[in-house]
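Listing of start16.txt; format and content: compact mmCIF, C-alpha atoms.
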```
# COMPACT_ATOMS: atom_id res chain seq x y z
CA MET A 1 25.80 56.57 179.96
CA GLN A 2 25.56 52.80 180.24
CA THR A 3 26.36 50.57 177.29
CA LEU A 4 24.09 47.66 176.41
CA THR A 5 26.50 45.15 177.97
CA GLN A 6 26.61 47.23 181.16
CA LYS A 7 22.81 47.30 181.27
CA LEU A 8 22.68 43.55 180.74
CA ALA A 9 25.33 43.04 183.43
CA ASN A 10 22.60 43.25 186.03
CA PRO A 11 21.16 39.72 186.31
CA THR A 12 17.73 40.97 187.38
CA ARG A 13 17.51 43.15 184.29
CA PHE A 14 18.82 40.26 182.20
CA MET A 15 16.12 37.97 183.61
CA GLN A 16 13.41 40.49 182.77
CA LEU A 17 14.68 41.13 179.25
CA SER A 18 15.38 37.48 178.42
CA GLY A 19 12.01 36.48 179.88
CA ALA A 20 10.30 38.85 177.45
CA VAL A 21 12.39 37.86 174.41
CA LEU A 22 12.73 34.10 174.95
CA PRO A 23 9.15 33.01 174.01
CA TRP A 24 9.32 34.98 170.76
CA ILE A 25 12.67 33.48 169.76
CA ALA A 26 11.46 29.97 170.65
CA VAL A 27 8.24 30.31 168.63
CA LEU A 28 10.09 31.87 165.69
CA ALA A 29 12.65 29.04 165.75
CA ALA A 30 9.88 26.40 165.83
CA VAL A 31 8.04 28.03 162.90
CA ILE A 32 11.20 28.36 160.81
CA ILE A 33 12.30 24.77 161.51
CA ALA A 34 8.80 23.50 160.66
CA TYR A 35 8.91 25.43 157.36
CA ALA A 36 12.42 24.12 156.65
CA LEU A 37 11.24 20.55 157.28
CA TYR A 38 8.38 21.10 154.82
CA LEU A 39 10.87 22.32 152.21
CA VAL A 40 13.24 19.40 152.91
CA PHE A 41 10.64 16.64 152.65
CA ALA A 42 8.12 18.12 150.21
CA VAL A 43 10.03 20.48 147.92
CA ALA A 44 13.80 19.81 147.83
CA PRO A 45 14.76 17.28 145.14
CA PRO A 46 16.95 14.22 145.72
CA ASP A 47 20.60 14.67 144.82
CA TYR A 48 21.61 13.26 141.44
CA GLN A 49 24.36 11.18 143.08
CA GLN A 50 23.29 10.71 146.70
CA GLY A 51 19.56 10.35 146.12
CA GLN A 52 17.42 10.96 149.22
CA THR A 53 20.41 10.47 151.52
CA VAL A 54 21.20 14.14 150.95
CA LYS A 55 18.38 14.90 153.40
CA ILE A 56 20.83 14.18 156.20
CA MET A 57 22.73 17.29 155.06
CA TYR A 58 19.88 19.53 156.26
CA ILE A 59 20.48 18.57 159.88
CA HIS A 60 24.16 17.64 159.75
CA VAL A 61 25.41 21.00 158.45
CA PRO A 62 23.41 23.18 160.92
CA SER A 63 24.55 20.92 163.79
CA ALA A 64 28.19 21.27 162.72
CA TRP A 65 27.78 25.03 162.30
CA LEU A 66 26.35 25.33 165.81
CA ALA A 67 29.08 23.11 167.27
CA LEU A 68 31.64 25.68 166.10
CA MET A 69 29.57 28.81 166.76
CA THR A 70 28.80 27.69 170.29
CA TYR A 71 32.47 27.16 171.01
CA GLY A 72 33.14 30.65 169.68
CA LEU A 73 30.52 31.96 172.11
CA VAL A 74 32.10 30.01 174.98
CA ALA A 75 35.48 31.51 174.09
CA VAL A 76 34.15 35.08 173.88
CA SER A 77 32.33 34.63 177.20
CA SER A 78 35.48 33.22 178.79
CA PHE A 79 37.44 36.20 177.51
CA GLY A 80 34.76 38.47 178.98
CA LEU A 81 35.16 36.79 182.35
CA LEU A 82 38.95 36.82 182.47
CA VAL A 83 39.50 40.30 181.03
CA PHE A 84 36.40 42.38 181.76
CA ARG A 85 35.00 40.44 184.76
CA HIS A 86 31.56 40.74 183.22
CA PRO A 87 29.05 39.35 185.75
CA LEU A 88 27.18 37.30 183.17
CA ALA A 89 30.20 36.05 181.21
CA ASP A 90 30.71 32.91 183.26
CA VAL A 91 26.97 32.26 183.30
CA SER A 92 26.96 32.47 179.50
CA ALA A 93 29.98 30.18 179.10
CA LYS A 94 28.68 27.58 181.54
CA ALA A 95 25.22 27.59 179.96
CA ALA A 96 26.56 27.20 176.41
CA VAL A 97 28.91 24.25 176.96
CA PRO A 98 26.34 21.39 177.30
CA ILE A 99 24.38 22.76 174.33
CA GLY A 100 27.57 22.91 172.26
CA ALA A 101 28.41 19.37 173.28
CA ALA A 102 24.96 18.21 172.16
CA PHE A 103 25.30 19.81 168.72
CA THR A 104 28.84 18.44 168.31
CA PHE A 105 27.53 14.98 169.14
CA LEU A 106 24.77 15.44 166.56
CA ALA A 107 27.27 16.60 163.93
CA LEU A 108 29.37 13.48 164.56
CA PHE A 109 26.42 11.09 164.76
CA THR A 110 24.53 12.34 161.70
CA GLY A 111 27.82 12.61 159.79
CA SER A 112 28.55 9.01 160.64
CA LEU A 113 25.09 7.93 159.46
CA TRP A 114 25.60 9.92 156.27
CA GLY A 115 29.09 8.50 155.76
CA LYS A 116 28.11 4.82 155.85
CA PRO A 117 25.93 4.81 152.70
CA MET A 118 28.06 7.43 150.88
CA TRP A 119 31.64 6.49 151.86
CA GLY A 120 31.06 2.90 152.85
CA THR A 121 32.16 3.50 156.42
CA TYR A 122 30.79 5.11 159.57
CA TRP A 123 34.15 6.57 160.54
CA VAL A 124 37.60 7.41 159.23
CA TRP A 125 40.39 9.11 161.13
CA ASP A 126 40.67 12.00 158.70
CA ALA A 127 41.49 15.53 159.80
CA ARG A 128 37.95 16.95 159.78
CA LEU A 129 36.28 14.09 161.64
CA THR A 130 39.09 13.72 164.15
CA SER A 131 39.27 17.45 164.91
CA VAL A 132 35.50 17.58 165.51
CA LEU A 133 35.82 14.55 167.79
CA ILE A 134 38.51 16.45 169.74
CA LEU A 135 36.10 19.41 169.95
CA PHE A 136 33.50 17.07 171.47
CA PHE A 137 36.05 15.85 174.04
CA LEU A 138 36.98 19.48 174.74
CA TYR A 139 33.35 20.26 175.57
CA LEU A 140 33.24 17.22 177.86
CA GLY A 141 36.53 18.32 179.41
CA LEU A 142 35.14 21.78 180.16
CA MET A 143 32.14 20.24 181.91
CA ALA A 144 34.31 17.74 183.81
CA LEU A 145 36.80 20.40 184.92
CA ARG A 146 34.06 22.67 186.21
CA SER A 147 32.27 19.94 188.10
CA SER A 148 35.51 18.65 189.62
CA LEU A 149 36.17 21.90 191.51
CA ASP A 150 34.13 22.91 194.54
CA ASP A 151 35.17 26.54 194.51
CA GLU A 152 33.00 28.19 191.86
CA ALA A 153 35.33 31.15 191.30
CA THR A 154 38.34 28.90 190.66
CA ALA A 155 36.28 26.60 188.45
CA ALA A 156 35.09 29.57 186.40
CA LYS A 157 38.60 30.90 185.83
CA LEU A 158 40.19 27.53 185.02
CA THR A 159 37.46 26.53 182.58
CA ALA A 160 37.76 29.96 180.96
CA VAL A 161 41.51 29.44 180.46
CA LEU A 162 40.95 25.95 179.01
CA ALA A 163 38.21 27.31 176.73
CA LEU A 164 40.55 30.00 175.39
CA VAL A 165 43.35 27.48 174.81
CA GLY A 166 40.85 25.33 172.88
CA VAL A 167 40.10 28.16 170.46
CA ALA A 168 43.15 27.02 168.50
CA LEU A 169 41.07 24.02 167.43
CA LEU A 170 38.47 26.12 165.55
CA PRO A 171 40.65 27.11 162.54
CA ILE A 172 42.02 23.57 162.42
CA ILE A 173 38.45 22.23 162.08
CA LYS A 174 37.46 24.90 159.59
CA PHE A 175 40.49 24.57 157.29
CA SER A 176 41.28 20.88 157.84
CA VAL A 177 39.54 19.99 154.57
CA ASN A 178 41.79 22.46 152.72
CA TRP A 179 45.06 21.74 154.51
CA TRP A 180 44.91 17.96 154.34
CA ASN A 181 43.56 15.37 151.96
CA THR A 182 40.38 14.24 153.71
CA LEU A 183 37.52 11.91 152.89
CA HIS A 184 35.22 14.66 154.11
CA GLN A 185 34.33 17.00 151.26
CA PRO A 186 35.88 20.49 151.09
CA SER A 187 33.96 23.56 152.12
CA THR A 188 31.18 24.59 149.74
CA GLY A 189 31.93 28.27 150.38
CA MET A 190 28.85 29.10 152.44
CA THR A 191 26.89 26.62 150.29
CA SER A 192 27.18 28.86 147.20
CA THR A 193 28.06 25.83 145.08
CA VAL A 194 24.93 23.98 146.16
CA ASP A 195 21.92 24.23 143.88
CA PRO A 196 19.36 26.81 145.15
CA SER A 197 16.68 24.12 145.43
CA MET A 198 18.80 22.58 148.20
CA ARG A 199 20.66 25.66 149.41
CA VAL A 200 17.54 27.59 150.41
CA PRO A 201 16.10 24.84 152.67
CA LEU A 202 19.57 24.34 154.15
CA LEU A 203 20.00 28.02 154.97
CA ILE A 204 16.47 28.25 156.42
CA MET A 205 17.14 25.17 158.56
CA ALA A 206 20.45 26.69 159.72
CA LEU A 207 18.62 29.90 160.67
CA GLY A 208 16.00 27.90 162.60
CA PHE A 209 18.68 25.89 164.40
CA THR A 210 20.58 29.08 165.28
CA LEU A 211 17.47 30.72 166.75
CA MET A 212 16.71 27.50 168.63
CA PHE A 213 20.23 27.58 170.05
CA PHE A 214 19.80 31.16 171.28
CA ALA A 215 16.47 30.26 172.88
CA MET A 216 18.07 27.30 174.68
CA HIS A 217 21.09 29.38 175.68
CA LEU A 218 18.91 32.12 177.17
CA LYS A 219 16.90 29.52 179.09
CA ALA A 220 20.09 27.84 180.34
CA MET A 221 21.44 31.22 181.46
CA GLN A 222 18.21 31.95 183.33
CA ASN A 223 18.45 28.56 185.04
CA GLU A 224 22.07 29.19 186.01
CA ILE A 225 21.24 32.61 187.50
CA LEU A 226 18.39 31.05 189.50
CA ARG A 227 20.68 28.21 190.63
CA ARG A 228 23.25 30.72 191.91
CA ARG A 229 20.56 32.70 193.68
CA VAL A 230 19.27 29.56 195.38
CA LYS A 231 22.80 28.62 196.41
CA SER A 232 23.49 32.12 197.71
CA MET A 233 20.22 32.15 199.70
CA ARG A 234 20.93 28.72 201.18
CA VAL A 235 24.37 29.89 202.30
CA SER A 236 22.93 33.02 203.92
CA ASP A 237 20.17 30.91 205.52
CA VAL A 238 22.74 28.56 207.05
CA ALA A 239 24.85 31.53 208.20
CA ARG A 240 21.74 33.13 209.76
CA ARG A 241 20.84 29.91 211.58
CA ASP A 242 24.43 29.49 212.80
CA GLY A 243 24.32 33.06 214.07
CA LEU A 244 21.08 32.41 215.91
CA THR A 245 22.44 29.20 217.39
CA THR A 246 25.62 30.96 218.52
CA ALA A 247 23.60 33.83 220.01
CA SER A 248 21.25 31.50 221.88
CA THR A 249 24.19 29.42 223.16
CA SER A 250 25.91 32.59 224.38
CA ALA A 251 22.71 33.78 226.04
CA ALA A 252 22.21 30.40 227.72
CA GLY A 253 25.84 30.34 228.89
CA MET B 1 7.26 9.35 151.04
CA ASP B 2 9.88 7.05 149.59
CA LEU B 3 13.27 7.73 151.16
CA GLY B 4 15.05 5.18 149.00
CA PRO B 5 17.38 2.36 149.96
CA HIS B 6 19.02 4.36 152.76
CA ALA B 7 15.80 5.29 154.54
CA ALA B 8 17.01 3.84 157.84
CA PHE B 9 20.07 6.14 157.89
CA ILE B 10 17.90 9.19 157.18
CA SER B 11 15.32 8.19 159.79
CA TRP B 12 17.95 7.52 162.46
CA SER B 13 19.59 10.88 161.74
CA TYR B 14 16.37 12.84 162.22
CA ALA B 15 15.40 10.70 165.22
CA SER B 16 18.76 11.43 166.88
CA VAL B 17 18.24 15.17 166.42
CA LEU B 18 14.70 14.93 167.74
CA LEU B 19 15.77 12.92 170.79
CA THR B 20 18.85 15.01 171.60
CA ILE B 21 17.23 18.42 171.13
CA GLY B 22 14.00 17.23 172.76
CA GLY B 23 15.95 15.88 175.70
CA LEU B 24 17.93 19.10 176.01
CA ILE B 25 14.79 21.27 175.94
CA GLY B 26 13.07 18.95 178.42
CA TRP B 27 16.06 19.13 180.77
CA LEU B 28 16.17 22.95 180.51
CA VAL B 29 12.46 23.26 181.31
CA PHE B 30 12.72 20.76 184.17
CA ASP B 31 15.83 22.45 185.60
CA GLY B 32 14.17 25.87 185.39
CA ARG B 33 11.09 24.64 187.25
CA ARG B 34 13.25 22.94 189.87
CA GLN B 35 15.25 26.14 190.51
CA MET B 36 12.08 28.25 190.65
CA ALA B 37 10.52 25.82 193.14
CA ALA B 38 13.65 25.94 195.32
CA LEU B 39 13.64 29.75 195.17
CA ARG B 40 9.95 29.94 196.15
CA ASP B 41 10.54 27.47 198.96
CA LEU B 42 13.35 29.58 200.40
CA GLU B 43 11.31 32.78 200.06
CA ALA B 44 8.35 31.11 201.77
CA ARG B 45 10.63 30.25 204.68
CA GLY B 46 11.56 33.90 204.99
CA VAL B 47 15.06 33.63 203.52
CA LYS B 48 15.92 36.83 201.71
CA ARG B 49 18.40 37.52 198.96
CA ARG B 50 21.38 39.56 200.06
CA SER B 51 20.38 42.25 197.57
CA SER B 52 16.98 42.69 199.26
CA VAL B 53 18.19 42.76 202.86
CA GLY B 54 18.37 46.53 202.79
CA SER B 55 22.05 47.04 202.35
CA GLY B 56 21.45 48.65 198.99
CA ALA B 57 23.70 46.10 197.39
CA SER B 58 23.40 45.42 193.71
CA ASP B 59 21.53 42.41 192.34
CA ASP B 60 24.85 41.34 190.85
CA ASP B 61 25.95 39.73 194.08
CA SER B 62 23.21 37.16 193.61
CA LEU B 63 25.44 35.57 190.99
CA GLY B 64 27.67 34.35 193.75
CA PRO B 65 31.39 33.75 193.45
CA GLY B 66 33.27 33.70 190.22
CA VAL B 67 32.00 37.00 188.96
CA ARG B 68 32.20 40.55 190.06
CA LYS B 69 31.46 43.84 188.44
```
Do you think you could lay out the structure here as structure tokens?
Amino acid sequence: MQTLTQKLANPTRFMQLSGAVLPWIAVLAAVIIAYALYLVFAVAPPDYQQGQTVKIMYIHVPSAWLALMTYGLVAVSSFGLLVFRHPLADVSAKAAVPIGAAFTFLALFTGSLWGKPMWGTYWVWDARLTSVLILFFLYLGLMALRSSLDDEATAAKLTAVLALVGVALLPIIKFSVNWWNTLHQPSTGMTSTVDPSMRVPLLIMALGFTLMFFAMHLKAMQNEILRRRVKSMRVSDVARRDGLTTASTSAAG
Amino acid sequence: MDLGPHAAFISWSYASVLLTIGGLIGWLVFDGRRQMAALRDLEARGVKRRSSVGSGASDDDSLGPGVRK
């Protein structure tokens, strides 16, 4: 009996299943984000210290959450490639990296814009900010490494190894605010210390962002599968033409 | 709505998310259409996928190098 991962290992089946699920996830994500935006701008009160600037939190925190979650997904996919040789593992890892880089950029950028009015500076080299910046460079490094190698199999394995080495960064990012004295605030313990009037919109926005990520990841995986099919067909087309040319040359000779 | 004295920071934050996510979604849609067009073009020229050539091979080989079952 096949497990779910074995069933999904077939790209054609994956394309069919993801094609059916993707529109629903995308629409659900859009509806939830729209509702979260309504709560943020029409219901959630200003913070008693930060005023309206707290509204940046509703996009900064989900972006930071997705920056880490995406890297976790890249690492799991890389593990799946190196250990289990799962046919879709490399597709998943490759598709997730640019999306993770985008969310890490957003976490840094919105955090910087939040920091200026609250801390008086756009940037400080504290442990949390610096470790997230390294995560951003790690994402860029994964993309650069893959694109620098022509052989796709070698590129897949080397980027998977680098991705697994980079996992060590995740606990450093997570616990940096506890281990070191940072300007960045400590963890709010899954936002439990935030007032419900702000926590609920934040959690709904995080849910919307997460669903949006999965929709984008599925679409990126579909694109990658199609790209590999096109490449494979072009190679077989060239081989077929070469064969015909060789055969006609032999016949003429 | 009044966003207070730091309205520009809030606006730029939301604009950056809109631009980045919008750009990412736009790129994904564009890339998907480009790959589909290339696939249709190859099929129209009679190029077949290895899995449909009649060897009974799995669709998995369409993923190319780097992965195997």
* List the neighbours of segment 8-13 of chain B out to 7 Å using all atoms listed in the file; skip same-chain residues closer than 6 positions along the sequence, and give me the result as number ranges by chain. => A: 53, 55-56, 110, 113-114
* To do: Could you jot down the atom CA of Leu37 of chain A to atom CA of Met205 of chain A separation for me, Å, one decimal place?
  => 7.6 Å
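The list of residues with at least one atom within 10 Å of segment 15-22 of chain B, based on all atoms listed in the file and without residues fewer than 3 positions apart in the same chain, reads Ile59, His60, Ser63, Ile99, Ala102, Phe103, Phe105, Leu106, Ala107, Phe109, Thr110, Met212, Phe213 and Met216 of chain A; Phe9, Ile10, Ser11, Trp12, Ile25, Gly26, Trp27 and Leu28 of chain B.
Atom CA of Ala153 of chain A sits 20.5 Å away from atom CA of Thr12 of chain A.
Picture a line from atom CA of Ala75 of chain A to atom CA of Ala163 of chain A; it runs 5.7 Å.
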* All residues 12 Å or closer to Val47 of chain B, only C-alpha atoms, same chain fewer than 5 positions away omitted, as a PyMOL selection string -> (chain A and resi 229-241) or (chain B and resi 38-42+52-53)
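Distance annotation: of A:Ala89, A:Val200, A:Leu183, A:Met69, the residue with the minimal separation from chain B is A:Ala89; atom set is all atoms listed in the file.
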* Can you tell me, as a count of residues only, what residues are no more than 9 Å from Gly32 of chain B when counting all atoms listed in the file, ignoring any on the same chain fewer than 6 positions away? -> 7
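Of the residues listed (B:Arg45, B:Leu24, B:Tyr14, B:Met1), B:Leu24 shows the shortest atom-to-atom separation from Ala96 of chain A; distances use only C-alpha atoms.
Using all atoms listed in the file for every distance, the candidate list A:Leu17, A:Ile225, A:Tyr71, A:Val97 yields A:Ile225 as the residue closest to chain B.
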